[in-house]
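> Input: one structure, supplied below.
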Amino acid sequence: MKYQFESQRVSYPYFVAAMLLFAAQILFGLVIGAQYLWPDLLFPAIPFNIGRMIHINLLVVWLIFGFMGAAYSTKLALVQFWMFLVGGATAIVGYLFRWHDGREFLEQPFLIKVAIVVVVLMFIFNMIMTMIKGRRRTSISIVLLIGFLGLAVFYLFAFYKPDNMTVDKYYWWFVVHLWVEGVWELIMAAFLSFLLIKLTGIDREVAEKWLYVIVGLTFLTGVVGTGHHYYWIGTPAFWQTWGAWFSAIEVLPFAAMVAFSFKMVSKRTRQHPNRAAVLWTIGAAVLSFLGAGVWGFMHTLPQINFYTHGTQITASHGHLAFYGAYAVIVLAMASYAVPNLRKSTGIITHQKQEIFAFWTMAVSMVFIALALTGAGIVQVYLQRVIGMSYMETQGYMSLFYVIRLFFGVTFAIGLVVYLYDFFIGKSKSAA
Ligand code: HEM
Ligand code: HEM
Ligand SMILES: [Fe+2]
């Protein structure tokens, strides 16, 4: 991860693809958000369930493009890029023709799943070769490698689809939970350390100590924390105790990332000219702490989850956590790396637009999460406390859905400014 000109330029197309897929994800988000208010919108071309599937699959695909772009170095990269892009695009276009395997987040048809595994293995092979050949065996690159290995290994459970629904859900969480509260967290922590070293000028040794603590806390809490998904699906009762205790302390690695960022930035030995990159970096730590740490903790104890399970409370946490942690860390890496990739080191332009985009998207996402929390509280009361049916409750929540859509639009405006800056603004001045 050095971003030195030629050899690193292969990572540029990864960021470009990530940005375009991000834009498509938000477009579909707006469509399904609007369908909450006008259920017949775009029916039968894009029914809600298909739009939702595309919205969340695009999310996963663009984040992984971003992770790869941020970690990349050599030639094999370009072959792998096209394989992943064609594979990912085929899967998503396929959904519009109802070609899918119907298991949330893992809807990719069998052949596409195989292609994804091949691409990730190529990526890991490339990473290991680079580490062996080069002098880049830093703790950061090792944590990153473990993160990607874990991403591949846990994805293998997507191939195992038991008929028994309890067993099916049990393994489904091996992918979804052990990704976002396990190995992806390592990828995020590695990027965070990399960025903080580059942006603050503080010694690598200091950052590495923090990185070890964060990695340790992630494993300690996140693995057994999987139990917070095993409260009500027919798994043994001991999960209620184990899941509660361990997932409650899952806040710790996220809190450590906040402390790490503020400490490094407050003690910085130089003022990096890319202020936007500093903002995105601190933003990732703070927003992930809010979305994953605070909003996750809110419903993680079985006494509370009994009422909130599968409601809009879950969706509010899902949005703020995914955006705050993984979208923002990818955008932070892009903000830092892209000017360098374009050989315009030193000419860091359009800081104003990027900072505007940061705040617009961050504030909008916080309000989306608050709107969904509001909807969730109403839903929990009507549906889980006084026992109304799901459909009956929805009418009482429409105000919150209007607010969600409003902030969805402001989020999209922030994104347009960001993308304009990314594709048009910077390339002009970098020429
Ligand atoms: C960046 C990290 C995280 C991300 C991206 C994330 C994302 C998500 C998503 C998308 C779901 C919904 C899954 C589904 O049913 O479709 C979910 C569920 C859940 N998350 Fe997280 N999460 C993160 C961290 C955490 C943490 C740290 C906690 C606890 C402190 C937590 C607690 C929960 C709980 C309890 C549920 C189940 C909700 C229910 O019963 O409906 N999450 N998470
Ligand atoms: C314009 C902004 C957005 C709108 C209007 C929007 C809307 C929606 C809607 C309507 C759903 C379906 C919820 C349901 O099943 O009832 C959804 C699901 C989801 N969206 Fe978004 N979204 C937006 C942005 C984002 C962003 C930026 C991310 C992450 C970076 C994201 C991540 C997710 C996830 C993880 C789910 C599944 C949540 C769950 O199962 O609980 N969305 N979104
Ligand atoms: Fe989880």
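By order in the structure tokens, chains are A, B, ...; within a chain, residues start at 1; ligands start at 1, following the order shown.
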Residues within 8 Å of ligand 2 (only C-alpha atoms and all ligand atoms), as a PyMOL selection string?

chain A and resi 22+25-36+49+52+55-56+59+310-324+326-327+365+368+404-405+407-412

> List all protein, DNA and RNA residues that have an atom no more than 8 Å from any atom of ligand 1, counting only C-alpha atoms and all ligand atoms, and report them as JSON, numbers by chain.

{"A": [104, 105, 176, 177, 180, 181, 185, 222, 225, 228, 229, 247, 248, 249, 250, 251, 254, 288, 291, 292, 293, 294, 295, 296, 297, 298, 299, 300, 301, 305, 306, 308, 309, 310, 311, 313, 314, 315, 317, 318, 319, 320, 321, 322, 323, 324, 325, 326]}

> So that I can see what lies close to stretch 377-389 of chain A, please list as a list in words the residues with an atom at most 8 Å from it, counting only C-alpha atoms and leaving out residues fewer than 2 positions away in the same chain.

Tyr307, Thr308, Thr311, Gln312, Ile313, Thr373, Gly374, Ala375, Met391, Glu392, Thr393, Gln394, Tyr396 and Met397 of chain A

> DSSP on the backbone: which residues in stretch 98-319 of chain A end up as alpha helix (DSSP H)? Give the answer as an MDAnalysis selection string.

chainID A and resid 110:133 139:155 165:178 184:200 204:225 238:248 251:266 275:288 295:298 302:308 312:319

> Please provide as a list in words all residues within 10 Å of A:Ser139, with the sequence filter that same-chain residues fewer than 4 positions apart are discarded (counting only C-alpha atoms).

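Contacts, with the query itself left out: Val143, Leu144, Leu145, Ala190, Ser193, Arg204, Glu205, Ala207, Glu208, Lys209, Leu211 and Tyr212 of chain A.
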
> Can you write just those residues out, N, CA, C and O atoms, as a PDB file, in the first residue's frame?


```
ATOM      1  N   VAL A 143      -2.369  -7.945   8.706  1.00  0.00           N
ATOM      2  CA  VAL A 143      -3.760  -7.877   9.179  1.00  0.00           C
ATOM      3  C   VAL A 143      -4.720  -7.823   7.985  1.00  0.00           C
ATOM      4  O   VAL A 143      -5.767  -8.483   7.963  1.00  0.00           O
ATOM      5  N   LEU A 144      -4.309  -7.059   6.974  1.00  0.00           N
ATOM      6  CA  LEU A 144      -5.130  -6.945   5.768  1.00  0.00           C
ATOM      7  C   LEU A 144      -5.288  -8.305   5.092  1.00  0.00           C
ATOM      8  O   LEU A 144      -6.386  -8.699   4.685  1.00  0.00           O
ATOM      9  N   LEU A 145      -4.194  -9.029   5.010  1.00  0.00           N
ATOM     10  CA  LEU A 145      -4.221 -10.359   4.391  1.00  0.00           C
ATOM     11  C   LEU A 145      -5.144 -11.298   5.169  1.00  0.00           C
ATOM     12  O   LEU A 145      -5.970 -12.010   4.589  1.00  0.00           O
ATOM     13  N   ALA A 190      -6.956  -2.068   9.459  1.00  0.00           N
ATOM     14  CA  ALA A 190      -5.694  -1.959   8.723  1.00  0.00           C
ATOM     15  C   ALA A 190      -5.667  -0.664   7.900  1.00  0.00           C
ATOM     16  O   ALA A 190      -4.680   0.079   7.909  1.00  0.00           O
ATOM     17  N   SER A 193      -5.239   2.347  10.210  1.00  0.00           N
ATOM     18  CA  SER A 193      -3.860   2.530  10.669  1.00  0.00           C
ATOM     19  C   SER A 193      -2.999   3.117   9.564  1.00  0.00           C
ATOM     20  O   SER A 193      -2.208   4.034   9.794  1.00  0.00           O
ATOM     21  N   ARG A 204       5.110   4.512  12.961  1.00  0.00           N
ATOM     22  CA  ARG A 204       4.458   3.247  12.666  1.00  0.00           C
ATOM     23  C   ARG A 204       4.292   2.383  13.920  1.00  0.00           C
ATOM     24  O   ARG A 204       3.270   1.748  14.120  1.00  0.00           O
ATOM     25  N   GLU A 205       5.332   2.385  14.791  1.00  0.00           N
ATOM     26  CA  GLU A 205       5.281   1.514  15.980  1.00  0.00           C
ATOM     27  C   GLU A 205       4.075   1.858  16.863  1.00  0.00           C
ATOM     28  O   GLU A 205       3.434   0.971  17.421  1.00  0.00           O
ATOM     29  N   ALA A 207       1.219   3.247  15.911  1.00  0.00           N
ATOM     30  CA  ALA A 207      -0.019   2.816  15.248  1.00  0.00           C
ATOM     31  C   ALA A 207      -0.170   1.305  15.326  1.00  0.00           C
ATOM     32  O   ALA A 207      -1.275   0.784  15.524  1.00  0.00           O
ATOM     33  N   GLU A 208       0.951   0.599  15.202  1.00  0.00           N
ATOM     34  CA  GLU A 208       0.873  -0.866  15.230  1.00  0.00           C
ATOM     35  C   GLU A 208       0.377  -1.383  16.570  1.00  0.00           C
ATOM     36  O   GLU A 208      -0.378  -2.346  16.632  1.00  0.00           O
ATOM     37  N   LYS A 209       0.783  -0.723  17.657  1.00  0.00           N
ATOM     38  CA  LYS A 209       0.309  -1.155  18.976  1.00  0.00           C
ATOM     39  C   LYS A 209      -1.213  -1.041  19.060  1.00  0.00           C
ATOM     40  O   LYS A 209      -1.895  -1.947  19.536  1.00  0.00           O
ATOM     41  N   LEU A 211      -3.217  -1.051  16.529  1.00  0.00           N
ATOM     42  CA  LEU A 211      -3.787  -2.038  15.601  1.00  0.00           C
ATOM     43  C   LEU A 211      -3.911  -3.404  16.280  1.00  0.00           C
ATOM     44  O   LEU A 211      -4.942  -4.066  16.179  1.00  0.00           O
ATOM     45  N   TYR A 212      -2.861  -3.814  17.016  1.00  0.00           N
ATOM     46  CA  TYR A 212      -2.930  -5.113  17.703  1.00  0.00           C
ATOM     47  C   TYR A 212      -4.078  -5.146  18.701  1.00  0.00           C
ATOM     48  O   TYR A 212      -4.794  -6.134  18.828  1.00  0.00           O
TER      49      TYR A 212
END
```

> One decimal, in Å: what's the spacing between atom CA of A:Tyr230 and atom CA of A:Ala285?

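If I compute the distance from atom CA of A:Tyr230 to atom CA of A:Ala285, I get 27.8 Å.
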
> A:Val10, A:Leu372, A:Ala276, A:Ala158: which is nearest A:Leu76, counting only C-alpha atoms?

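Comparing A:Val10, A:Leu372, A:Ala276, A:Ala158 against A:Leu76, the winner is A:Val10.
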
> When you look at A:Phe67 with a cut-off of 8 Å (counting only C-alpha atoms), what residues show up, excluding the ones that are within fewer than 3 positions of it in the same chain? I need them as a list in words.

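Selected residues are Leu63, Ile64, Ala70, Ala71, Ile187 and Val330 of chain A.
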
> Considering only C-alpha atoms, return as a PDB file with N, CA and C atoms, in the first residue's frame whatever protein or nucleic-acid residues lie within 10 Å of A:Leu279, sequence-local ones (same chain, fewer than 2 positions apart) excluded.


```pdb
ATOM      1  N   ASN A 274      -4.085  17.176   2.577  1.00  0.00           N
ATOM      2  CA  ASN A 274      -5.370  16.576   2.211  1.00  0.00           C
ATOM      3  C   ASN A 274      -6.287  16.514   3.435  1.00  0.00           C
ATOM      4  N   ARG A 275      -6.905  17.669   3.746  1.00  0.00           N
ATOM      5  CA  ARG A 275      -7.746  17.740   4.936  1.00  0.00           C
ATOM      6  C   ARG A 275      -8.988  16.876   4.804  1.00  0.00           C
ATOM      7  N   ALA A 276      -9.465  16.741   3.557  1.00  0.00           N
ATOM      8  CA  ALA A 276     -10.654  15.905   3.338  1.00  0.00           C
ATOM      9  C   ALA A 276     -10.369  14.461   3.743  1.00  0.00           C
ATOM     10  N   ALA A 277      -9.166  13.981   3.421  1.00  0.00           N
ATOM     11  CA  ALA A 277      -8.826  12.594   3.773  1.00  0.00           C
ATOM     12  C   ALA A 277      -8.808  12.408   5.291  1.00  0.00           C
ATOM     13  N   THR A 281     -11.299   9.921   7.415  1.00  0.00           N
ATOM     14  CA  THR A 281     -10.696   8.913   8.286  1.00  0.00           C
ATOM     15  C   THR A 281     -11.306   8.973   9.694  1.00  0.00           C
ATOM     16  N   ILE A 282     -11.341  10.183  10.260  1.00  0.00           N
ATOM     17  CA  ILE A 282     -11.968  10.323  11.583  1.00  0.00           C
ATOM     18  C   ILE A 282     -13.451   9.980  11.482  1.00  0.00           C
ATOM     19  N   GLY A 283     -14.052  10.379  10.351  1.00  0.00           N
ATOM     20  CA  GLY A 283     -15.476  10.086  10.123  1.00  0.00           C
ATOM     21  C   GLY A 283     -15.762   8.598  10.184  1.00  0.00           C
ATOM     22  N   ALA A 284     -14.883   7.792   9.599  1.00  0.00           N
ATOM     23  CA  ALA A 284     -15.106   6.339   9.596  1.00  0.00           C
ATOM     24  C   ALA A 284     -15.113   5.815  11.025  1.00  0.00           C
ATOM     25  N   ALA A 332     -12.517   7.094   2.435  1.00  0.00           N
ATOM     26  CA  ALA A 332     -11.302   7.673   3.021  1.00  0.00           C
ATOM     27  C   ALA A 332     -10.069   7.215   2.244  1.00  0.00           C
ATOM     28  N   SER A 335     -10.050   8.967  -1.041  1.00  0.00           N
ATOM     29  CA  SER A 335      -9.677  10.375  -0.905  1.00  0.00           C
ATOM     30  C   SER A 335      -8.162  10.524  -0.785  1.00  0.00           C
ATOM     31  N   GLU A 354     -15.283  18.039  -1.512  1.00  0.00           N
ATOM     32  CA  GLU A 354     -15.235  16.753  -0.813  1.00  0.00           C
ATOM     33  C   GLU A 354     -15.714  16.897   0.636  1.00  0.00           C
ATOM     34  N   ILE A 355     -15.332  17.994   1.257  1.00  0.00           N
ATOM     35  CA  ILE A 355     -15.751  18.215   2.641  1.00  0.00           C
ATOM     36  C   ILE A 355     -17.266  18.443   2.700  1.00  0.00           C
ATOM     37  N   PHE A 358     -18.782  15.065   2.312  1.00  0.00           N
ATOM     38  CA  PHE A 358     -18.673  14.296   3.556  1.00  0.00           C
ATOM     39  C   PHE A 358     -19.812  14.638   4.512  1.00  0.00           C
ATOM     40  N   TRP A 359     -19.965  15.943   4.775  1.00  0.00           N
ATOM     41  CA  TRP A 359     -20.965  16.349   5.768  1.00  0.00           C
ATOM     42  C   TRP A 359     -22.382  16.075   5.294  1.00  0.00           C
TER      43      TRP A 359
END
```

> So that I can check the surroundings of stretch 271-273 of chain A, please list as a PDB file with C-alpha atoms, in the first residue's frame every protein, DNA and RNA residue that reaches within 12 Å of it, counting only C-alpha atoms and ignoring chain neighbours fewer than 3 positions away.


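Done, and the output landed in out24.pdb:
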```pdb
ATOM      1  CA  LEU A 195      -4.235   6.347   6.782  1.00  0.00           C
ATOM      2  CA  LEU A 196      -3.422   7.639  10.246  1.00  0.00           C
ATOM      3  CA  ILE A 197       0.298   6.944   9.760  1.00  0.00           C
ATOM      4  CA  LYS A 198       0.291   8.728   6.405  1.00  0.00           C
ATOM      5  CA  LEU A 199      -1.847  11.649   7.499  1.00  0.00           C
ATOM      6  CA  THR A 200      -0.367  12.411  10.915  1.00  0.00           C
ATOM      7  CA  GLY A 201       3.309  11.525  10.499  1.00  0.00           C
ATOM      8  CA  ILE A 202       3.231   9.563  13.772  1.00  0.00           C
ATOM      9  CA  MET A 264      -3.100  10.198  16.436  1.00  0.00           C
ATOM     10  CA  VAL A 265      -4.616  13.345  14.969  1.00  0.00           C
ATOM     11  CA  SER A 266      -4.196  15.398  18.147  1.00  0.00           C
ATOM     12  CA  LYS A 267      -0.521  14.403  18.396  1.00  0.00           C
ATOM     13  CA  ARG A 268       0.250  14.778  14.705  1.00  0.00           C
ATOM     14  CA  ALA A 276     -10.654  15.905   3.338  1.00  0.00           C
ATOM     15  CA  ALA A 277      -8.826  12.594   3.773  1.00  0.00           C
ATOM     16  CA  VAL A 278      -8.323  13.368   7.483  1.00  0.00           C
ATOM     17  CA  LEU A 279     -12.034  14.113   7.809  1.00  0.00           C
ATOM     18  CA  SER A 335      -9.677  10.375  -0.905  1.00  0.00           C
ATOM     19  CA  TYR A 336      -6.105   9.675   0.138  1.00  0.00           C
ATOM     20  CA  PRO A 339      -4.824  12.142  -6.067  1.00  0.00           C
ATOM     21  CA  THR A 345       0.729  14.299  -5.426  1.00  0.00           C
ATOM     22  CA  GLY A 346       0.855  17.657  -3.804  1.00  0.00           C
ATOM     23  CA  ILE A 347      -1.908  19.035  -6.019  1.00  0.00           C
ATOM     24  CA  ILE A 348      -4.774  18.098  -3.782  1.00  0.00           C
ATOM     25  CA  THR A 349      -7.741  19.920  -5.188  1.00  0.00           C
ATOM     26  CA  HIS A 350     -11.418  20.442  -4.581  1.00  0.00           C
ATOM     27  CA  GLN A 351     -11.164  19.987  -0.837  1.00  0.00           C
TER      28      GLN A 351
END
```

> Between atom CA of A:Trp62 and atom CA of A:Phe15, what distance in Å does the model show, to one decimal?

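About the pair atom CA of A:Trp62 and atom CA of A:Phe15: they are 8.8 Å apart.
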
> For A:Arg98, which residue among A:Gly234, A:Pro47, A:Gly414, A:Gly376 is the nearest when counting only C-alpha atoms?

A:Pro47

> With only C-alpha atoms and all ligand atoms as the basis for distance, which of A:Phe157, A:Phe191, A:Phe48, A:Tyr231 is at the shortest distance from ligand 3?

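Ranked by minimum distance to ligand 3, first place goes to A:Tyr231.
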